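So this block is coords28.txt, compact mmCIF, C-alpha atoms:
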```txt
# COMPACT_ATOMS: atom_id res chain seq x y z
CA MET A 11 106.68 73.64 97.50
CA ASP A 12 108.52 76.89 96.82
CA THR A 13 110.97 77.31 99.70
CA VAL A 14 111.60 81.03 99.08
CA TYR A 15 108.87 83.55 99.88
CA THR A 16 110.30 87.04 99.55
CA LYS A 17 108.90 90.46 100.38
CA THR A 18 108.44 90.95 96.65
CA LYS A 19 106.04 88.00 96.56
CA LEU A 20 104.19 89.35 99.60
CA ILE A 21 103.77 92.69 97.82
CA ALA A 22 102.40 90.89 94.76
CA HIS A 23 99.85 89.08 96.92
CA LEU A 24 98.88 92.28 98.72
CA ASN A 25 98.38 93.98 95.36
CA ALA A 26 96.16 91.09 94.26
CA ILE A 27 93.65 91.91 97.00
CA LYS A 28 94.16 95.68 97.02
CA PRO A 29 90.84 97.50 97.41
CA VAL A 30 89.64 99.68 94.55
CA GLY A 31 90.72 103.30 95.05
CA TYR A 32 93.56 102.45 97.42
CA THR A 33 97.31 102.39 96.85
CA LEU A 34 99.85 100.13 98.57
CA ASN A 35 102.34 102.41 100.32
CA SER A 36 105.95 101.75 101.31
CA ASP A 37 104.84 100.47 104.74
CA LEU A 38 102.64 97.91 102.95
CA PHE A 39 99.44 99.61 104.10
CA TYR A 40 96.57 100.24 101.73
CA GLU A 41 96.12 104.01 101.69
CA LYS A 42 93.38 106.30 100.44
CA ALA A 43 93.08 110.06 100.79
CA ILE A 44 89.61 111.47 101.40
CA THR A 45 88.47 114.96 102.37
CA ASN A 46 90.40 116.05 105.47
CA ALA A 47 91.54 112.51 106.20
CA ILE A 48 93.58 109.51 105.15
CA ILE A 49 92.39 105.91 105.50
CA TYR A 50 94.94 103.17 106.11
CA ILE A 51 94.16 99.45 105.94
CA ARG A 52 96.80 96.99 107.06
CA CYS A 53 96.98 93.24 106.58
CA ARG A 54 98.63 92.19 109.80
CA GLY A 55 100.76 89.11 110.09
CA GLN A 56 104.05 87.50 110.96
CA GLU A 57 107.02 87.62 108.62
CA HIS A 58 108.93 84.39 108.22
CA PHE A 59 111.04 85.38 105.24
CA PRO A 60 112.51 83.75 103.26
CA HIS A 61 110.12 80.88 103.89
CA SER A 62 106.60 82.19 104.48
CA PHE A 63 104.18 84.79 105.82
CA ILE A 64 101.32 84.11 108.23
CA PHE A 65 98.39 86.50 107.79
CA SER A 66 96.17 87.46 110.71
CA SER A 67 93.78 90.37 111.31
CA ILE A 68 92.98 93.47 109.30
CA LEU A 69 93.48 96.87 110.93
CA VAL A 70 91.87 100.04 109.61
CA ARG A 71 92.98 103.47 110.77
CA ILE A 72 91.55 106.87 109.90
CA ARG A 73 93.67 109.97 110.43
CA PHE A 74 91.65 113.19 110.45
CA THR A 75 94.20 115.88 109.70
CA ASN A 76 92.36 118.68 111.53
CA VAL A 77 92.26 116.63 114.75
CA GLU A 78 95.88 115.54 114.56
CA ASN A 79 97.14 119.02 113.61
CA ILE A 80 95.55 120.48 116.74
CA PHE A 81 96.93 117.66 118.88
CA ASN A 82 100.36 118.39 117.41
CA GLN A 83 99.98 122.08 118.31
CA ALA A 84 99.37 121.14 121.93
CA CYS A 85 102.37 118.81 121.94
CA THR A 86 104.58 121.56 120.55
CA ALA A 87 103.20 124.13 122.99
CA THR A 88 104.05 121.87 125.94
CA ASN A 89 107.47 120.95 124.49
CA ASN A 90 106.37 117.34 124.05
CA THR A 91 106.92 116.70 127.76
CA VAL A 92 103.83 114.50 128.07
CA TYR A 93 102.83 113.40 124.58
CA GLN A 94 104.47 113.31 121.19
CA ALA A 95 102.68 113.63 117.89
CA ASP A 96 103.58 111.54 114.87
CA ASP A 97 102.66 112.10 111.25
CA ASP A 98 101.24 108.58 111.15
CA ASP A 99 99.06 108.86 114.25
CA PRO A 100 95.46 107.85 113.54
CA THR A 101 92.39 109.42 115.09
CA PHE A 102 90.33 106.23 115.02
CA SER A 103 91.29 102.60 114.54
CA LYS A 104 89.48 99.29 114.50
CA GLY A 105 90.50 95.67 114.00
CA PHE A 106 88.67 93.02 112.02
CA SER A 107 89.31 89.34 112.72
CA GLY A 108 87.17 86.57 114.17
CA ASN A 109 84.40 89.11 114.67
CA VAL A 110 83.97 89.05 110.87
CA ILE A 111 84.99 85.59 109.67
CA GLY A 112 84.32 83.54 112.81
CA GLN A 113 86.88 82.43 115.35
CA ALA A 114 87.51 79.05 113.74
CA ASN A 115 88.29 80.63 110.38
CA PHE A 116 90.47 83.23 112.03
CA ASP A 117 92.42 80.55 113.92
CA SER A 118 92.91 78.70 110.62
CA LEU A 119 94.97 81.60 109.28
CA TYR A 120 97.73 80.66 111.71
CA ASP A 121 97.71 77.10 110.37
CA ASN A 122 97.97 78.18 106.75
CA GLU A 123 101.37 79.66 106.10
CA VAL A 124 101.60 81.48 102.78
CA TYR A 125 104.64 80.49 100.71
CA ASP A 126 103.33 80.60 97.14
CA ASP A 127 100.26 81.47 95.06
CA GLN A 128 98.46 78.26 95.93
CA SER A 129 98.82 78.69 99.69
CA PHE A 130 97.85 82.35 99.36
CA ASN A 131 94.64 81.39 97.58
CA VAL A 132 93.66 79.31 100.63
CA VAL A 133 93.58 82.37 102.91
CA ARG A 134 92.63 84.94 100.28
CA PRO A 135 88.82 84.67 100.69
CA LEU A 136 89.13 85.25 104.45
CA LEU A 137 91.41 88.24 103.94
CA GLU A 138 89.08 89.74 101.37
CA GLN A 139 86.11 89.26 103.68
CA MET A 140 87.89 91.14 106.50
CA ILE A 141 89.12 93.85 104.13
CA ASN A 142 85.59 94.38 102.82
CA ALA A 143 84.33 94.77 106.40
CA ALA A 144 87.12 97.27 107.08
CA ILE A 145 86.20 99.28 103.98
CA GLN A 146 82.53 99.29 104.94
CA TRP A 147 83.44 100.61 108.39
CA ALA A 148 85.76 103.24 106.92
CA ASN A 149 83.05 104.39 104.51
CA GLN A 150 80.64 104.78 107.43
CA ASN A 151 83.18 106.95 109.25
CA ASP A 152 84.46 109.02 106.34
CA THR A 153 83.89 112.37 108.05
CA LEU A 154 84.74 113.45 111.57
CA GLN A 155 81.06 114.09 112.24
CA ASN A 156 80.11 110.58 111.14
CA ALA A 157 82.94 109.00 113.12
CA TYR A 158 82.01 110.99 116.21
CA ASN A 159 78.30 110.19 115.91
CA ASN A 160 78.93 106.47 115.42
CA ALA A 161 81.33 106.33 118.35
CA GLU A 162 78.75 108.01 120.58
CA LEU A 163 76.46 105.02 120.03
CA LEU A 164 78.99 102.73 121.72
CA SER A 165 79.68 102.03 125.37
CA PHE A 166 82.32 104.25 126.96
CA ASP A 167 84.91 101.45 126.92
CA ALA A 168 84.26 100.59 123.28
CA ARG A 169 84.38 104.29 122.37
CA SER A 170 87.69 104.83 124.13
CA ASP A 171 89.11 101.79 122.31
CA LEU A 172 88.04 103.27 118.98
CA TYR A 173 89.79 106.61 119.49
CA SER A 174 93.57 106.65 119.41
CA GLN A 175 95.47 107.51 122.55
CA PRO A 176 95.43 109.72 124.48
CA PHE A 177 91.67 109.31 124.39
CA PRO A 178 90.72 112.38 126.52
CA ALA A 179 92.69 114.69 124.23
CA LYS A 180 91.42 113.25 120.94
CA TYR A 181 87.87 113.11 122.31
CA MET A 182 88.06 116.73 123.45
CA ILE A 183 89.26 117.86 120.03
CA ALA A 184 86.54 115.90 118.25
CA LYS A 185 83.85 117.38 120.49
CA LYS A 186 85.05 120.90 119.76
CA LEU A 187 85.32 120.42 116.01
CA VAL A 188 81.87 118.87 115.62
CA GLY A 189 80.30 121.48 117.88
CA ALA A 190 79.18 119.08 120.62
CA SER A 191 77.16 120.92 123.26
CA ASP A 192 79.04 119.25 126.11
CA TYR A 193 82.53 120.15 124.87
CA SER A 194 83.25 122.71 127.59
CA SER A 195 81.84 120.62 130.42
CA TYR A 196 83.76 117.55 129.28
CA ALA A 197 87.03 119.48 128.98
CA THR A 198 86.63 121.07 132.41
CA THR A 199 85.70 117.77 134.05
CA VAL A 200 88.56 115.76 132.59
CA ILE A 201 91.15 118.41 133.47
CA ALA A 202 89.84 118.55 137.03
CA SER A 203 89.94 114.74 137.20
CA TYR A 204 93.63 114.61 136.31
CA ASN A 205 94.42 117.38 138.78
CA SER A 206 92.58 115.54 141.56
CA ARG A 207 94.70 112.44 140.89
CA GLY A 208 97.90 114.44 141.01
CA GLU A 209 98.61 113.91 137.32
CA THR A 210 99.42 117.57 136.82
CA ASN A 211 101.48 117.08 133.65
CA LYS A 212 98.51 115.56 131.84
CA ALA A 213 96.15 118.14 133.32
CA ASN A 214 98.41 120.94 132.12
CA PHE A 215 98.60 119.40 128.66
CA LEU A 216 94.81 119.20 128.44
CA GLN A 217 94.48 122.76 129.70
CA THR A 218 96.88 123.90 126.97
CA LEU A 219 94.84 121.93 124.45
CA LYS A 220 91.61 123.50 125.74
CA ASN A 221 93.13 126.97 125.37
CA ILE A 222 93.96 126.20 121.74
CA LEU A 223 90.48 124.84 121.08
CA ASP A 224 88.74 127.74 122.82
CA ALA A 225 90.60 130.15 120.53
CA LEU A 226 89.28 128.53 117.36
```
Translate the structure of the given file into structure tokens.
Amino acid sequence: MDTVYTKTKLIAHLNAIKPVGYTLNSDLFYEKAITNAIIYIRCRGQEHFPHSFIFSSILVRIRFTNVENIFNQACTATNNTVYQADDDDPTFSKGFSGNVIGQANFDSLYDNEVYDDQSFNVVRPLLEQMINAAIQWANQNDTLQNAYNNAELLSFDARSDLYSQPFPAKYMIAKKLVGASDYSSYATTVIASYNSRGETNKANFLQTLKNILDAL
């Protein structure tokens, strides 16, 4: 048993299962630029350097630059008093774990610490299966229109989990950019809802956002 498992070895293992067309960035996310968006796929896990690494779920995030740029405009216009924008903020995100490989297989990841090539090969098929599912999902949501349409097929709770926070703001932007017929009614309703609950800061932020969107 090799008692030293360094970050360098983790990077080598991540590169071994790197999806075609993706690069491994400095944050150890697989990254791929597509039209108006960037896809990030992350192998999540627990670092136990210098001894081992325990892999867990796969997280895929899609950042649509037009959505996030508008959200950033609203943050700047309101002096970031309610929300702050980050260059890494996604628009949509989804995790892949036991829902892909089965709960028993997923639980087994925690029992199989990776400390060398042999131990990595034990978990590799499960990681590749989850990564493939993440890529398939990303490919199905490779445009804002596709991502919006697919999210509309879900329950409200599942849809709000799919969008990044704050959901009302990102949802409002998406509706405007895809030309959804209920954009105006949704925006008006959600702003009124925050005002009725006394959450005036959030209501004011969304009103500022609506003003920006209406001017497009």
Nearby residues, (96.4, 101.1, 105.2) file frame, 9 Å, all atoms listed in the file, as JSON, numbers by chain: {"A": [32, 33, 34, 35, 37, 38, 39, 40, 41, 42, 48, 49, 50, 51, 52, 53, 69, 70, 71, 72]}
Counting all atoms listed in the file, the residue of A:Gly105, A:Glu162, A:Thr91, A:Asp171 that sits nearest Ala190 of chain A: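 Under the stated criterion, the closest residue is A:Glu162.
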Shell of 12 Å around Asn109 of chain A, all atoms listed in the file, local chain residues under 3 positions omitted, as a count of residues only: 16
Residue neighbourhood segment 195-204 of chain A, 9 Å, only C-alpha atoms, exclusion window fewer than 3 positions, as a ChimeraX atom specification: /A:178-179,182,185,191-192,207-217,220
Please dump the current selection as a short mmCIF file (atom, residue, chain, number, x, y, z; two decimals), keeping the file's coordinate frame; keep C-alpha atoms.
```cif
data_model
loop_
_atom_site.label_atom_id
_atom_site.label_comp_id
_atom_site.auth_asym_id
_atom_site.auth_seq_id
_atom_site.Cartn_x
_atom_site.Cartn_y
_atom_site.Cartn_z
CA PRO A 178 90.72 112.38 126.52
CA ALA A 179 92.69 114.69 124.23
CA MET A 182 88.06 116.73 123.45
CA LYS A 185 83.85 117.38 120.49
CA SER A 191 77.16 120.92 123.26
CA ASP A 192 79.04 119.25 126.11
CA ARG A 207 94.70 112.44 140.89
CA GLY A 208 97.90 114.44 141.01
CA GLU A 209 98.61 113.91 137.32
CA THR A 210 99.42 117.57 136.82
CA ASN A 211 101.48 117.08 133.65
CA LYS A 212 98.51 115.56 131.84
CA ALA A 213 96.15 118.14 133.32
CA ASN A 214 98.41 120.94 132.12
CA PHE A 215 98.60 119.40 128.66
CA LEU A 216 94.81 119.20 128.44
CA GLN A 217 94.48 122.76 129.70
CA LYS A 220 91.61 123.50 125.74
#
```
Point (104.2, 84.0, 101.3), cut-off 10 Å, counting only C-alpha atoms, residues as a PyMOL selection string: chain A and resi 12-23+57-65+123-130
Those residues you just picked out, can you put them in a file as a PDB file, in the coordinates of the input with C-alpha atoms?
```pdb
ATOM      1  CA  ASP A  12     108.520  76.890  96.820  1.00  0.00           C
ATOM      2  CA  THR A  13     110.970  77.310  99.700  1.00  0.00           C
ATOM      3  CA  VAL A  14     111.600  81.030  99.080  1.00  0.00           C
ATOM      4  CA  TYR A  15     108.870  83.550  99.880  1.00  0.00           C
ATOM      5  CA  THR A  16     110.300  87.040  99.550  1.00  0.00           C
ATOM      6  CA  LYS A  17     108.900  90.460 100.380  1.00  0.00           C
ATOM      7  CA  THR A  18     108.440  90.950  96.650  1.00  0.00           C
ATOM      8  CA  LYS A  19     106.040  88.000  96.560  1.00  0.00           C
ATOM      9  CA  LEU A  20     104.190  89.350  99.600  1.00  0.00           C
ATOM     10  CA  ILE A  21     103.770  92.690  97.820  1.00  0.00           C
ATOM     11  CA  ALA A  22     102.400  90.890  94.760  1.00  0.00           C
ATOM     12  CA  HIS A  23      99.850  89.080  96.920  1.00  0.00           C
ATOM     13  CA  GLU A  57     107.020  87.620 108.620  1.00  0.00           C
ATOM     14  CA  HIS A  58     108.930  84.390 108.220  1.00  0.00           C
ATOM     15  CA  PHE A  59     111.040  85.380 105.240  1.00  0.00           C
ATOM     16  CA  PRO A  60     112.510  83.750 103.260  1.00  0.00           C
ATOM     17  CA  HIS A  61     110.120  80.880 103.890  1.00  0.00           C
ATOM     18  CA  SER A  62     106.600  82.190 104.480  1.00  0.00           C
ATOM     19  CA  PHE A  63     104.180  84.790 105.820  1.00  0.00           C
ATOM     20  CA  ILE A  64     101.320  84.110 108.230  1.00  0.00           C
ATOM     21  CA  PHE A  65      98.390  86.500 107.790  1.00  0.00           C
ATOM     22  CA  GLU A 123     101.370  79.660 106.100  1.00  0.00           C
ATOM     23  CA  VAL A 124     101.600  81.480 102.780  1.00  0.00           C
ATOM     24  CA  TYR A 125     104.640  80.490 100.710  1.00  0.00           C
ATOM     25  CA  ASP A 126     103.330  80.600  97.140  1.00  0.00           C
ATOM     26  CA  ASP A 127     100.260  81.470  95.060  1.00  0.00           C
ATOM     27  CA  GLN A 128      98.460  78.260  95.930  1.00  0.00           C
ATOM     28  CA  SER A 129      98.820  78.690  99.690  1.00  0.00           C
ATOM     29  CA  PHE A 130      97.850  82.350  99.360  1.00  0.00           C
TER      30      PHE A 130
END
```
Pairwise distance for atom CA of Ala225 of chain A and atom CA of Asn160 of chain A, rounded to one decimal in Å: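 About the pair atom CA of Ala225 of chain A and atom CA of Asn160 of chain A: they are 26.9 Å apart.
Atom pair atom CA of Asn82 of chain A / atom CA of Leu219 of chain A: separated by 9.6 Å.
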Around all the atoms of segment 90-105 of chain A listed in the file, with 8 Å of room on each side, what axis-aligned box do you get, giving centre and edge lengths in Å to one decimal, as lines of an AutoDock Vina configuration file?
```
center_x = 98.2
center_y = 106.5
center_z = 119.6
size_x = 33.4
size_y = 37.7
size_z = 32.9
```
One-decimal distance in Å that lies between atom CA of Trp147 of chain A and atom CA of Ser194 of chain A: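 Going from atom CA of Ser194 of chain A over to atom CA of Trp147 of chain A covers 29.3 Å.
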For Leu154 of chain A, the nearest of the candidates A:Gln94, A:Ser170, A:Thr101, A:Thr88, counting all atoms listed in the file: A:Thr101
Closest of A:Ser165, A:Ser206, A:Asn221, A:Gln175 to Ala95 of chain A - atom-to-atom distances counting only C-alpha atoms: A:Gln175
Pick from A:Ser107, A:Gln83, A:Gln146, A:Asn151 nearest to Ile44 of chain A, counting only C-alpha atoms: A:Asn151
Nearest to Asn122 of chain A by atom-to-atom distance, counting only C-alpha atoms, from A:Ala47, A:Ser36, A:Arg134, A:Asn89: A:Arg134
